[in-house]
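Everything below belongs to coords-v4.cif, which stores mmCIF, N, CA and C atoms.
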data_run
loop_
_atom_site.label_atom_id
_atom_site.label_comp_id
_atom_site.auth_asym_id
_atom_site.auth_seq_id
_atom_site.Cartn_x
_atom_site.Cartn_y
_atom_site.Cartn_z
N MET M 1 -52.48 -41.52 43.31
CA MET M 1 -52.38 -41.94 44.70
C MET M 1 -52.65 -40.73 45.59
N LYS M 2 -53.55 -40.90 46.54
CA LYS M 2 -53.91 -39.82 47.45
C LYS M 2 -53.12 -39.98 48.75
N ILE M 3 -52.38 -38.96 49.09
CA ILE M 3 -51.60 -38.97 50.33
C ILE M 3 -51.98 -37.73 51.12
N ASN M 4 -52.57 -37.93 52.30
CA ASN M 4 -52.91 -36.81 53.17
C ASN M 4 -51.72 -36.48 54.05
N LEU M 5 -51.29 -35.23 54.00
CA LEU M 5 -50.15 -34.79 54.80
C LEU M 5 -50.63 -33.90 55.94
N SER M 6 -50.08 -34.13 57.12
CA SER M 6 -50.37 -33.25 58.26
C SER M 6 -49.59 -31.95 58.08
N ASP M 7 -49.88 -30.96 58.90
CA ASP M 7 -49.15 -29.69 58.82
C ASP M 7 -47.65 -29.90 59.01
N GLY M 8 -47.29 -30.73 59.97
CA GLY M 8 -45.88 -31.02 60.22
C GLY M 8 -45.22 -31.74 59.05
N GLU M 9 -45.96 -32.65 58.46
CA GLU M 9 -45.42 -33.38 57.29
C GLU M 9 -45.21 -32.43 56.12
N TRP M 10 -46.10 -31.46 55.96
CA TRP M 10 -45.91 -30.46 54.91
C TRP M 10 -44.62 -29.69 55.14
N LYS M 11 -44.36 -29.31 56.39
CA LYS M 11 -43.12 -28.57 56.69
C LYS M 11 -41.90 -29.39 56.30
N LEU M 12 -41.89 -30.64 56.67
CA LEU M 12 -40.75 -31.50 56.36
C LEU M 12 -40.64 -31.72 54.86
N MET M 13 -41.76 -31.99 54.21
CA MET M 13 -41.74 -32.20 52.76
C MET M 13 -41.24 -30.96 52.03
N ASN M 14 -41.61 -29.77 52.49
CA ASN M 14 -41.13 -28.54 51.84
C ASN M 14 -39.61 -28.47 51.86
N HIS M 15 -38.99 -28.93 52.92
CA HIS M 15 -37.53 -28.95 52.98
C HIS M 15 -36.97 -29.96 51.99
N LEU M 16 -37.62 -31.10 51.86
CA LEU M 16 -37.15 -32.11 50.91
C LEU M 16 -37.39 -31.67 49.47
N TRP M 17 -38.52 -31.02 49.21
CA TRP M 17 -38.79 -30.53 47.86
C TRP M 17 -37.80 -29.43 47.48
N ALA M 18 -37.36 -28.64 48.44
CA ALA M 18 -36.44 -27.55 48.15
C ALA M 18 -35.09 -28.10 47.68
N THR M 19 -34.56 -29.04 48.40
CA THR M 19 -33.30 -29.70 48.02
C THR M 19 -33.28 -31.09 48.61
N ALA M 20 -33.10 -32.05 47.76
CA ALA M 20 -33.02 -33.45 48.19
C ALA M 20 -31.91 -34.11 47.39
N PRO M 21 -31.32 -35.13 47.92
CA PRO M 21 -31.65 -35.80 49.17
C PRO M 21 -31.06 -35.08 50.37
N LYS M 22 -31.61 -35.41 51.54
CA LYS M 22 -31.13 -34.85 52.81
C LYS M 22 -31.02 -35.96 53.84
N THR M 23 -30.11 -35.77 54.76
CA THR M 23 -29.96 -36.71 55.88
C THR M 23 -30.81 -36.24 57.06
N ILE M 24 -30.98 -37.11 58.02
CA ILE M 24 -31.70 -36.76 59.25
C ILE M 24 -31.00 -35.59 59.94
N THR M 25 -29.69 -35.62 59.98
CA THR M 25 -28.92 -34.55 60.62
C THR M 25 -29.16 -33.21 59.91
N GLU M 26 -29.17 -33.22 58.58
CA GLU M 26 -29.43 -31.98 57.84
C GLU M 26 -30.82 -31.45 58.11
N LEU M 27 -31.81 -32.34 58.08
CA LEU M 27 -33.19 -31.91 58.35
C LEU M 27 -33.34 -31.38 59.77
N THR M 28 -32.74 -32.05 60.73
CA THR M 28 -32.82 -31.59 62.12
C THR M 28 -32.20 -30.21 62.26
N SER M 29 -31.05 -30.02 61.66
CA SER M 29 -30.36 -28.73 61.73
C SER M 29 -31.20 -27.62 61.08
N GLU M 30 -31.78 -27.90 59.92
CA GLU M 30 -32.58 -26.91 59.21
C GLU M 30 -33.89 -26.58 59.93
N MET M 31 -34.50 -27.57 60.55
CA MET M 31 -35.85 -27.41 61.06
C MET M 31 -35.95 -27.12 62.55
N SER M 32 -34.88 -27.31 63.29
CA SER M 32 -34.98 -27.18 64.75
C SER M 32 -35.37 -25.77 65.19
N SER M 33 -34.84 -24.73 64.55
CA SER M 33 -35.20 -23.37 64.98
C SER M 33 -36.63 -23.03 64.55
N GLU M 34 -37.08 -23.59 63.43
CA GLU M 34 -38.43 -23.32 62.91
C GLU M 34 -39.49 -24.08 63.71
N THR M 35 -39.20 -25.32 64.09
CA THR M 35 -40.22 -26.18 64.69
C THR M 35 -39.94 -26.59 66.13
N GLY M 36 -38.67 -26.56 66.52
CA GLY M 36 -38.29 -27.05 67.85
C GLY M 36 -38.18 -28.57 67.89
N TRP M 37 -38.26 -29.22 66.73
CA TRP M 37 -38.22 -30.68 66.68
C TRP M 37 -36.82 -31.20 66.96
N THR M 38 -36.77 -32.30 67.67
CA THR M 38 -35.52 -33.00 67.94
C THR M 38 -35.27 -34.02 66.83
N LYS M 39 -34.10 -34.62 66.89
CA LYS M 39 -33.75 -35.66 65.93
C LYS M 39 -34.76 -36.80 65.97
N ASN M 40 -35.21 -37.17 67.16
CA ASN M 40 -36.19 -38.26 67.29
C ASN M 40 -37.52 -37.91 66.63
N THR M 41 -37.93 -36.66 66.73
CA THR M 41 -39.17 -36.23 66.09
C THR M 41 -39.04 -36.31 64.58
N ILE M 42 -37.90 -35.86 64.06
CA ILE M 42 -37.65 -35.93 62.61
C ILE M 42 -37.68 -37.38 62.14
N ILE M 43 -37.06 -38.27 62.90
CA ILE M 43 -37.05 -39.69 62.54
C ILE M 43 -38.47 -40.24 62.49
N THR M 44 -39.29 -39.88 63.48
CA THR M 44 -40.69 -40.32 63.51
C THR M 44 -41.45 -39.81 62.30
N MET M 45 -41.27 -38.52 61.99
CA MET M 45 -41.95 -37.93 60.83
C MET M 45 -41.51 -38.61 59.54
N LEU M 46 -40.23 -38.86 59.39
CA LEU M 46 -39.73 -39.52 58.18
C LEU M 46 -40.30 -40.93 58.06
N SER M 47 -40.41 -41.63 59.17
CA SER M 47 -40.99 -42.98 59.14
C SER M 47 -42.45 -42.93 58.69
N ARG M 48 -43.20 -41.97 59.19
CA ARG M 48 -44.60 -41.83 58.78
C ARG M 48 -44.72 -41.51 57.30
N LEU M 49 -43.87 -40.61 56.83
CA LEU M 49 -43.91 -40.23 55.42
C LEU M 49 -43.51 -41.39 54.51
N GLU M 50 -42.56 -42.21 54.96
CA GLU M 50 -42.19 -43.39 54.19
C GLU M 50 -43.34 -44.39 54.14
N ALA M 51 -44.02 -44.58 55.27
CA ALA M 51 -45.15 -45.51 55.33
C ALA M 51 -46.28 -45.04 54.42
N LYS M 52 -46.43 -43.73 54.25
CA LYS M 52 -47.47 -43.18 53.37
C LYS M 52 -47.06 -43.24 51.90
N GLY M 53 -45.80 -43.52 51.63
CA GLY M 53 -45.32 -43.55 50.25
C GLY M 53 -44.96 -42.18 49.70
N ALA M 54 -44.76 -41.20 50.58
CA ALA M 54 -44.44 -39.84 50.16
C ALA M 54 -42.95 -39.64 49.94
N ILE M 55 -42.13 -40.41 50.65
CA ILE M 55 -40.68 -40.29 50.55
C ILE M 55 -40.06 -41.67 50.50
N HIS M 56 -38.78 -41.71 50.19
CA HIS M 56 -38.00 -42.95 50.29
C HIS M 56 -36.60 -42.58 50.75
N HIS M 57 -35.85 -43.59 51.14
CA HIS M 57 -34.46 -43.33 51.52
C HIS M 57 -33.53 -44.29 50.81
N GLU M 58 -32.31 -43.84 50.67
CA GLU M 58 -31.24 -44.67 50.15
C GLU M 58 -30.13 -44.65 51.17
N ASP M 59 -29.42 -45.75 51.27
CA ASP M 59 -28.27 -45.77 52.16
C ASP M 59 -27.16 -44.96 51.51
N GLY M 60 -26.67 -43.99 52.24
CA GLY M 60 -25.65 -43.09 51.72
C GLY M 60 -24.37 -43.17 52.49
N GLY M 61 -23.90 -44.38 52.76
CA GLY M 61 -22.68 -44.52 53.55
C GLY M 61 -23.03 -44.54 55.02
N ARG M 62 -22.69 -43.46 55.71
CA ARG M 62 -22.94 -43.39 57.15
C ARG M 62 -24.37 -42.96 57.48
N ALA M 63 -25.04 -42.34 56.55
CA ALA M 63 -26.38 -41.81 56.84
C ALA M 63 -27.34 -42.11 55.70
N LYS M 64 -28.60 -42.29 56.05
CA LYS M 64 -29.64 -42.47 55.03
C LYS M 64 -29.91 -41.13 54.36
N LEU M 65 -30.20 -41.19 53.06
CA LEU M 65 -30.52 -40.00 52.28
C LEU M 65 -32.00 -40.07 51.90
N TYR M 66 -32.76 -39.06 52.32
CA TYR M 66 -34.21 -39.03 52.11
C TYR M 66 -34.56 -38.11 50.94
N SER M 67 -35.50 -38.57 50.12
CA SER M 67 -35.97 -37.81 48.96
C SER M 67 -37.48 -37.99 48.82
N PRO M 68 -38.15 -36.98 48.25
CA PRO M 68 -39.60 -37.12 48.03
C PRO M 68 -39.88 -38.08 46.87
N LEU M 69 -40.99 -38.79 46.98
CA LEU M 69 -41.47 -39.65 45.89
C LEU M 69 -42.60 -38.98 45.11
N ILE M 70 -43.24 -38.01 45.74
CA ILE M 70 -44.36 -37.32 45.08
C ILE M 70 -43.96 -35.88 44.79
N PRO M 71 -44.33 -35.36 43.63
CA PRO M 71 -44.05 -33.96 43.34
C PRO M 71 -44.91 -33.03 44.20
N ARG M 72 -44.38 -31.87 44.51
CA ARG M 72 -45.11 -30.88 45.30
C ARG M 72 -46.45 -30.54 44.64
N GLU M 73 -46.45 -30.41 43.32
CA GLU M 73 -47.67 -30.03 42.60
C GLU M 73 -48.77 -31.08 42.80
N ASP M 74 -48.41 -32.36 42.78
CA ASP M 74 -49.40 -33.43 42.98
C ASP M 74 -49.98 -33.37 44.39
N ALA M 75 -49.11 -33.15 45.37
CA ALA M 75 -49.58 -33.06 46.76
C ALA M 75 -50.48 -31.84 46.95
N ALA M 76 -50.09 -30.70 46.35
CA ALA M 76 -50.89 -29.48 46.48
C ALA M 76 -52.25 -29.64 45.80
N LEU M 77 -52.28 -30.28 44.64
CA LEU M 77 -53.55 -30.49 43.94
C LEU M 77 -54.48 -31.40 44.75
N ALA M 78 -53.92 -32.47 45.29
CA ALA M 78 -54.73 -33.39 46.11
C ALA M 78 -55.27 -32.68 47.34
N GLU M 79 -54.42 -31.88 47.98
CA GLU M 79 -54.84 -31.13 49.18
C GLU M 79 -55.93 -30.12 48.83
N THR M 80 -55.78 -29.45 47.69
CA THR M 80 -56.76 -28.45 47.26
C THR M 80 -58.11 -29.10 46.99
N LYS M 81 -58.09 -30.22 46.28
CA LYS M 81 -59.34 -30.93 45.99
C LYS M 81 -60.01 -31.40 47.29
N ASP M 82 -59.20 -31.90 48.22
CA ASP M 82 -59.74 -32.36 49.50
C ASP M 82 -60.36 -31.19 50.27
N PHE M 83 -59.67 -30.06 50.29
CA PHE M 83 -60.16 -28.86 50.97
C PHE M 83 -61.47 -28.38 50.35
N LEU M 84 -61.50 -28.27 49.02
CA LEU M 84 -62.72 -27.82 48.34
C LEU M 84 -63.88 -28.75 48.64
N GLY M 85 -63.60 -30.05 48.64
CA GLY M 85 -64.65 -31.03 48.92
C GLY M 85 -65.20 -30.91 50.32
N LYS M 86 -64.31 -30.75 51.30
CA LYS M 86 -64.73 -30.68 52.70
C LYS M 86 -65.44 -29.37 53.03
N VAL M 87 -64.86 -28.27 52.59
CA VAL M 87 -65.33 -26.96 53.04
C VAL M 87 -66.40 -26.37 52.12
N PHE M 88 -66.27 -26.57 50.83
CA PHE M 88 -67.16 -25.90 49.88
C PHE M 88 -67.95 -26.89 49.03
N GLY M 89 -68.04 -28.13 49.46
CA GLY M 89 -68.80 -29.12 48.71
C GLY M 89 -68.28 -29.33 47.29
N GLY M 90 -66.99 -29.06 47.09
CA GLY M 90 -66.38 -29.23 45.78
C GLY M 90 -66.55 -28.05 44.85
N SER M 91 -67.16 -26.98 45.32
CA SER M 91 -67.46 -25.83 44.46
C SER M 91 -66.37 -24.76 44.55
N LEU M 92 -65.60 -24.64 43.49
CA LEU M 92 -64.59 -23.59 43.41
C LEU M 92 -65.27 -22.22 43.39
N GLY M 93 -66.41 -22.13 42.69
CA GLY M 93 -67.15 -20.88 42.63
C GLY M 93 -67.59 -20.39 44.00
N LEU M 94 -68.05 -21.32 44.83
CA LEU M 94 -68.47 -20.95 46.19
C LEU M 94 -67.29 -20.42 47.00
N MET M 95 -66.11 -21.02 46.81
CA MET M 95 -64.93 -20.57 47.53
C MET M 95 -64.56 -19.15 47.10
N VAL M 96 -64.52 -18.91 45.79
CA VAL M 96 -64.17 -17.58 45.29
C VAL M 96 -65.21 -16.56 45.74
N HIS M 97 -66.48 -16.93 45.71
CA HIS M 97 -67.53 -16.04 46.17
C HIS M 97 -67.32 -15.67 47.63
N ALA M 98 -66.98 -16.64 48.46
CA ALA M 98 -66.73 -16.38 49.89
C ALA M 98 -65.55 -15.43 50.06
N MET M 99 -64.53 -15.59 49.24
CA MET M 99 -63.36 -14.71 49.34
C MET M 99 -63.71 -13.29 48.89
N VAL M 100 -64.52 -13.17 47.84
CA VAL M 100 -64.94 -11.86 47.36
C VAL M 100 -65.79 -11.17 48.42
N GLU M 101 -66.75 -11.91 48.99
CA GLU M 101 -67.64 -11.34 50.00
C GLU M 101 -66.89 -10.89 51.24
N SER M 102 -65.83 -11.60 51.59
CA SER M 102 -65.07 -11.24 52.79
C SER M 102 -63.98 -10.21 52.50
N ARG M 103 -63.89 -9.81 51.24
CA ARG M 103 -62.92 -8.80 50.82
C ARG M 103 -61.47 -9.23 51.08
N THR M 104 -61.17 -10.52 50.94
CA THR M 104 -59.81 -11.00 51.16
C THR M 104 -58.98 -11.06 49.89
N LEU M 105 -59.60 -10.82 48.73
CA LEU M 105 -58.85 -10.84 47.47
C LEU M 105 -58.25 -9.46 47.21
N THR M 106 -56.95 -9.43 46.95
CA THR M 106 -56.29 -8.19 46.58
C THR M 106 -56.43 -7.99 45.08
N GLU M 107 -56.05 -6.80 44.61
CA GLU M 107 -56.07 -6.55 43.17
C GLU M 107 -55.14 -7.52 42.45
N ALA M 108 -54.01 -7.83 43.06
CA ALA M 108 -53.06 -8.78 42.46
C ALA M 108 -53.68 -10.17 42.38
N ASP M 109 -54.42 -10.57 43.42
CA ASP M 109 -55.11 -11.87 43.41
C ASP M 109 -56.12 -11.92 42.27
N ILE M 110 -56.89 -10.85 42.11
CA ILE M 110 -57.92 -10.80 41.06
C ILE M 110 -57.27 -10.86 39.68
N ALA M 111 -56.17 -10.14 39.51
CA ALA M 111 -55.47 -10.17 38.22
C ALA M 111 -54.93 -11.57 37.93
N GLU M 112 -54.40 -12.23 38.95
CA GLU M 112 -53.89 -13.59 38.78
C GLU M 112 -55.02 -14.55 38.41
N LEU M 113 -56.15 -14.46 39.12
CA LEU M 113 -57.29 -15.31 38.80
C LEU M 113 -57.81 -15.04 37.39
N SER M 114 -57.85 -13.78 36.99
CA SER M 114 -58.31 -13.44 35.64
C SER M 114 -57.40 -14.06 34.59
N ALA M 115 -56.09 -13.99 34.81
CA ALA M 115 -55.13 -14.57 33.87
C ALA M 115 -55.29 -16.08 33.79
N ILE M 116 -55.51 -16.72 34.92
CA ILE M 116 -55.71 -18.18 34.95
C ILE M 116 -56.98 -18.55 34.19
N LEU M 117 -58.06 -17.82 34.44
CA LEU M 117 -59.33 -18.10 33.76
C LEU M 117 -59.23 -17.84 32.27
N GLU M 118 -58.52 -16.79 31.89
CA GLU M 118 -58.34 -16.50 30.47
C GLU M 118 -57.56 -17.62 29.79
N GLU M 119 -56.53 -18.09 30.45
CA GLU M 119 -55.74 -19.20 29.91
C GLU M 119 -56.60 -20.47 29.80
N ALA M 120 -57.40 -20.74 30.82
CA ALA M 120 -58.26 -21.92 30.80
C ALA M 120 -59.30 -21.82 29.69
N GLY M 121 -59.83 -20.63 29.48
CA GLY M 121 -60.81 -20.42 28.42
C GLY M 121 -60.21 -20.61 27.04
N GLY M 122 -58.94 -20.34 26.89
CA GLY M 122 -58.27 -20.49 25.61
C GLY M 122 -57.99 -21.93 25.24
N GLU M 123 -58.13 -22.84 26.20
CA GLU M 123 -57.83 -24.25 25.95
C GLU M 123 -59.05 -25.02 25.45
N LYS M 124 -60.20 -24.36 25.31
CA LYS M 124 -61.41 -25.05 24.85
C LYS M 124 -61.25 -25.44 23.39
N THR M 125 -61.88 -26.54 23.03
CA THR M 125 -61.82 -26.99 21.64
C THR M 125 -63.14 -26.82 20.96
#
Conversion result in structure tokens:
Amino acid sequence: MKINLSDGEWKLMNHLWATAPKTITELTSEMSSETGWTKNTIITMLSRLEAKGAIHHEDGGRAKLYSPLIPREDAALAETKDFLGKVFGGSLGLMVHAMVESRTLTEADIAELSAILEEAGGEKT
């Protein structure tokens, strides 16, 4: 299932992925200094995320308890594929080349990429 998340929805989802379930009051308290969002904004965002199938709620007595339905890894993978498709025509190589040419890769980044590629190469049959 492909779910496109806005920047704001990512912020809210990150809070739910960190610890869930959470109430509207908890989310508002955690996010107000970071985003300036009011309780009404949080409610709107939660409604949108529920409509997209990204979260669900359970009645928890006095307050609804919200939890993610999709794992962070699935959302990140879908977002990455969408980004690669839009910006680089689906070419991971073109993206890495652009990063190398712009000198944005650190030595740590290169070491991490090398380790990932080495691991991927070891999985061939």
Restricting the calculation to only N, CA and C atoms, which member of M:Ser91, M:Thr106, M:Thr80, M:Ser67 is positioned closest to M:Lys22?
-> M:Ser67
M:Leu77, M:Leu27, M:Pro21, M:Met99: which is nearest M:Lys39, counting all atoms listed in the file?
-> M:Leu27
Give me, as a PDB file with N, CA and C atoms, in the coordinates of the input, all polymer residues having an atom no more than 6.5 Å from stretch 51-57 of chain M, counting only N, CA and C atoms and skipping those fewer than 2 positions away in the same chain.
ATOM      1  N   ILE M   3     -52.380 -38.960  49.090  1.00  0.00           N
ATOM      2  CA  ILE M   3     -51.600 -38.970  50.330  1.00  0.00           C
ATOM      3  C   ILE M   3     -51.980 -37.730  51.120  1.00  0.00           C
ATOM      4  N   LEU M  46     -40.230 -38.860  59.390  1.00  0.00           N
ATOM      5  CA  LEU M  46     -39.730 -39.520  58.180  1.00  0.00           C
ATOM      6  C   LEU M  46     -40.300 -40.930  58.060  1.00  0.00           C
ATOM      7  N   SER M  47     -40.410 -41.630  59.170  1.00  0.00           N
ATOM      8  CA  SER M  47     -40.990 -42.980  59.140  1.00  0.00           C
ATOM      9  C   SER M  47     -42.450 -42.930  58.690  1.00  0.00           C
ATOM     10  N   ARG M  48     -43.200 -41.970  59.190  1.00  0.00           N
ATOM     11  CA  ARG M  48     -44.600 -41.830  58.780  1.00  0.00           C
ATOM     12  C   ARG M  48     -44.720 -41.510  57.300  1.00  0.00           C
ATOM     13  N   LEU M  49     -43.870 -40.610  56.830  1.00  0.00           N
ATOM     14  CA  LEU M  49     -43.910 -40.230  55.420  1.00  0.00           C
ATOM     15  C   LEU M  49     -43.510 -41.390  54.510  1.00  0.00           C
ATOM     16  N   ASP M  59     -29.420 -45.750  51.270  1.00  0.00           N
ATOM     17  CA  ASP M  59     -28.270 -45.770  52.160  1.00  0.00           C
ATOM     18  C   ASP M  59     -27.160 -44.960  51.510  1.00  0.00           C
ATOM     19  N   LYS M  64     -28.600 -42.290  56.050  1.00  0.00           N
ATOM     20  CA  LYS M  64     -29.640 -42.470  55.030  1.00  0.00           C
ATOM     21  C   LYS M  64     -29.910 -41.130  54.360  1.00  0.00           C
ATOM     22  N   LEU M  65     -30.200 -41.190  53.060  1.00  0.00           N
ATOM     23  CA  LEU M  65     -30.520 -40.000  52.280  1.00  0.00           C
ATOM     24  C   LEU M  65     -32.000 -40.070  51.900  1.00  0.00           C
ATOM     25  N   TYR M  66     -32.760 -39.060  52.320  1.00  0.00           N
ATOM     26  CA  TYR M  66     -34.210 -39.030  52.110  1.00  0.00           C
ATOM     27  C   TYR M  66     -34.560 -38.110  50.940  1.00  0.00           C
ATOM     28  N   SER M  67     -35.500 -38.570  50.120  1.00  0.00           N
ATOM     29  CA  SER M  67     -35.970 -37.810  48.960  1.00  0.00           C
ATOM     30  C   SER M  67     -37.480 -37.990  48.820  1.00  0.00           C
ATOM     31  N   PRO M  68     -38.150 -36.980  48.250  1.00  0.00           N
ATOM     32  CA  PRO M  68     -39.600 -37.120  48.030  1.00  0.00           C
ATOM     33  C   PRO M  68     -39.880 -38.080  46.870  1.00  0.00           C
ATOM     34  N   LEU M  69     -40.990 -38.790  46.980  1.00  0.00           N
ATOM     35  CA  LEU M  69     -41.470 -39.650  45.890  1.00  0.00           C
ATOM     36  C   LEU M  69     -42.600 -38.980  45.110  1.00  0.00           C
ATOM     37  N   ILE M  70     -43.240 -38.010  45.740  1.00  0.00           N
ATOM     38  CA  ILE M  70     -44.360 -37.320  45.080  1.00  0.00           C
ATOM     39  C   ILE M  70     -43.960 -35.880  44.790  1.00  0.00           C
TER      40      ILE M  70
END
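Here atom CA of M:Thr44 stands at a distance of 21.4 Å from atom CA of M:Pro71.
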Looking only at the backbone, which of the residues in chain M does DSSP tag as strand (DSSP E), as an NGL selection string?
-> :M and (55-60 or 63-68)
Interatomic distance between atom CA of M:Asp109 and atom CA of M:Leu94?
->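 That distance, rounded to one decimal, is 16.4 Å.
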Using all atoms listed in the file, which of the listed residues (M:Trp17, M:Ile116, M:Lys11, M:Leu92) sits closest to M:Arg72?
->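 Ranked by minimum distance to M:Arg72, first place goes to M:Trp17.
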Give the helix (DSSP H, G or I) residues of stretch 91-120 of chain M, as assigned by DSSP on the backbone, as a list in words.
-> Leu92, Gly93, Leu94, Met95, Val96, His97, Ala98, Met99, Val100, Glu101, Glu107, Ala108, Asp109, Ile110, Ala111, Glu112, Leu113, Ser114, Ala115, Ile116, Leu117, Glu118, Glu119 and Ala120 of chain M
Based on the selection just made, write N, CA and C atoms of those residues as a JSON list (two decimals), in the frame of the given file.
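Final file, selection-v2.json:
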[["chain", "number", "residue", "atom", "x", "y", "z"],
["M", 92, "LEU", "N", -65.60, -24.64, 43.49],
["M", 92, "LEU", "CA", -64.59, -23.59, 43.41],
["M", 92, "LEU", "C", -65.27, -22.22, 43.39],
["M", 93, "GLY", "N", -66.41, -22.13, 42.69],
["M", 93, "GLY", "CA", -67.15, -20.88, 42.63],
["M", 93, "GLY", "C", -67.59, -20.39, 44.00],
["M", 94, "LEU", "N", -68.05, -21.32, 44.83],
["M", 94, "LEU", "CA", -68.47, -20.95, 46.19],
["M", 94, "LEU", "C", -67.29, -20.42, 47.00],
["M", 95, "MET", "N", -66.11, -21.02, 46.81],
["M", 95, "MET", "CA", -64.93, -20.57, 47.53],
["M", 95, "MET", "C", -64.56, -19.15, 47.10],
["M", 96, "VAL", "N", -64.52, -18.91, 45.79],
["M", 96, "VAL", "CA", -64.17, -17.58, 45.29],
["M", 96, "VAL", "C", -65.21, -16.56, 45.74],
["M", 97, "HIS", "N", -66.48, -16.93, 45.71],
["M", 97, "HIS", "CA", -67.53, -16.04, 46.17],
["M", 97, "HIS", "C", -67.32, -15.67, 47.63],
["M", 98, "ALA", "N", -66.98, -16.64, 48.46],
["M", 98, "ALA", "CA", -66.73, -16.38, 49.89],
["M", 98, "ALA", "C", -65.55, -15.43, 50.06],
["M", 99, "MET", "N", -64.53, -15.59, 49.24],
["M", 99, "MET", "CA", -63.36, -14.71, 49.34],
["M", 99, "MET", "C", -63.71, -13.29, 48.89],
["M", 100, "VAL", "N", -64.52, -13.17, 47.84],
["M", 100, "VAL", "CA", -64.94, -11.86, 47.36],
["M", 100, "VAL", "C", -65.79, -11.17, 48.42],
["M", 101, "GLU", "N", -66.75, -11.91, 48.99],
["M", 101, "GLU", "CA", -67.64, -11.34, 50.00],
["M", 101, "GLU", "C", -66.89, -10.89, 51.24],
["M", 107, "GLU", "N", -56.05, -6.80, 44.61],
["M", 107, "GLU", "CA", -56.07, -6.55, 43.17],
["M", 107, "GLU", "C", -55.14, -7.52, 42.45],
["M", 108, "ALA", "N", -54.01, -7.83, 43.06],
["M", 108, "ALA", "CA", -53.06, -8.78, 42.46],
["M", 108, "ALA", "C", -53.68, -10.17, 42.38],
["M", 109, "ASP", "N", -54.42, -10.57, 43.42],
["M", 109, "ASP", "CA", -55.11, -11.87, 43.41],
["M", 109, "ASP", "C", -56.12, -11.92, 42.27],
["M", 110, "ILE", "N", -56.89, -10.85, 42.11],
["M", 110, "ILE", "CA", -57.92, -10.80, 41.06],
["M", 110, "ILE", "C", -57.27, -10.86, 39.68],
["M", 111, "ALA", "N", -56.17, -10.14, 39.51],
["M", 111, "ALA", "CA", -55.47, -10.17, 38.22],
["M", 111, "ALA", "C", -54.93, -11.57, 37.93],
["M", 112, "GLU", "N", -54.40, -12.23, 38.95],
["M", 112, "GLU", "CA", -53.89, -13.59, 38.78],
["M", 112, "GLU", "C", -55.02, -14.55, 38.41],
["M", 113, "LEU", "N", -56.15, -14.46, 39.12],
["M", 113, "LEU", "CA", -57.29, -15.31, 38.80],
["M", 113, "LEU", "C", -57.81, -15.04, 37.39],
["M", 114, "SER", "N", -57.85, -13.78, 36.99],
["M", 114, "SER", "CA", -58.31, -13.44, 35.64],
["M", 114, "SER", "C", -57.40, -14.06, 34.59],
["M", 115, "ALA", "N", -56.09, -13.99, 34.81],
["M", 115, "ALA", "CA", -55.13, -14.57, 33.87],
["M", 115, "ALA", "C", -55.29, -16.08, 33.79],
["M", 116, "ILE", "N", -55.51, -16.72, 34.92],
["M", 116, "ILE", "CA", -55.71, -18.18, 34.95],
["M", 116, "ILE", "C", -56.98, -18.55, 34.19],
["M", 117, "LEU", "N", -58.06, -17.82, 34.44],
["M", 117, "LEU", "CA", -59.33, -18.10, 33.76],
["M", 117, "LEU", "C", -59.23, -17.84, 32.27],
["M", 118, "GLU", "N", -58.52, -16.79, 31.89],
["M", 118, "GLU", "CA", -58.34, -16.50, 30.47],
["M", 118, "GLU", "C", -57.56, -17.62, 29.79],
["M", 119, "GLU", "N", -56.53, -18.09, 30.45],
["M", 119, "GLU", "CA", -55.74, -19.20, 29.91],
["M", 119, "GLU", "C", -56.60, -20.47, 29.80],
["M", 120, "ALA", "N", -57.40, -20.74, 30.82],
["M", 120, "ALA", "CA", -58.26, -21.92, 30.80],
["M", 120, "ALA", "C", -59.30, -21.82, 29.69]]
Could you state the separation of atom C of M:Glu79 and atom C of M:Asn4 in Å, given to one decimal place?
->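 Between atom C of M:Glu79 and atom C of M:Asn4 the gap works out to 9.2 Å.
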For M:Thr41, which of M:Thr25, M:Ser102, M:Thr19, M:Asn14 is the closest residue, counting only C-alpha atoms?
->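 Result for the nearest residue to M:Thr41: M:Thr25.
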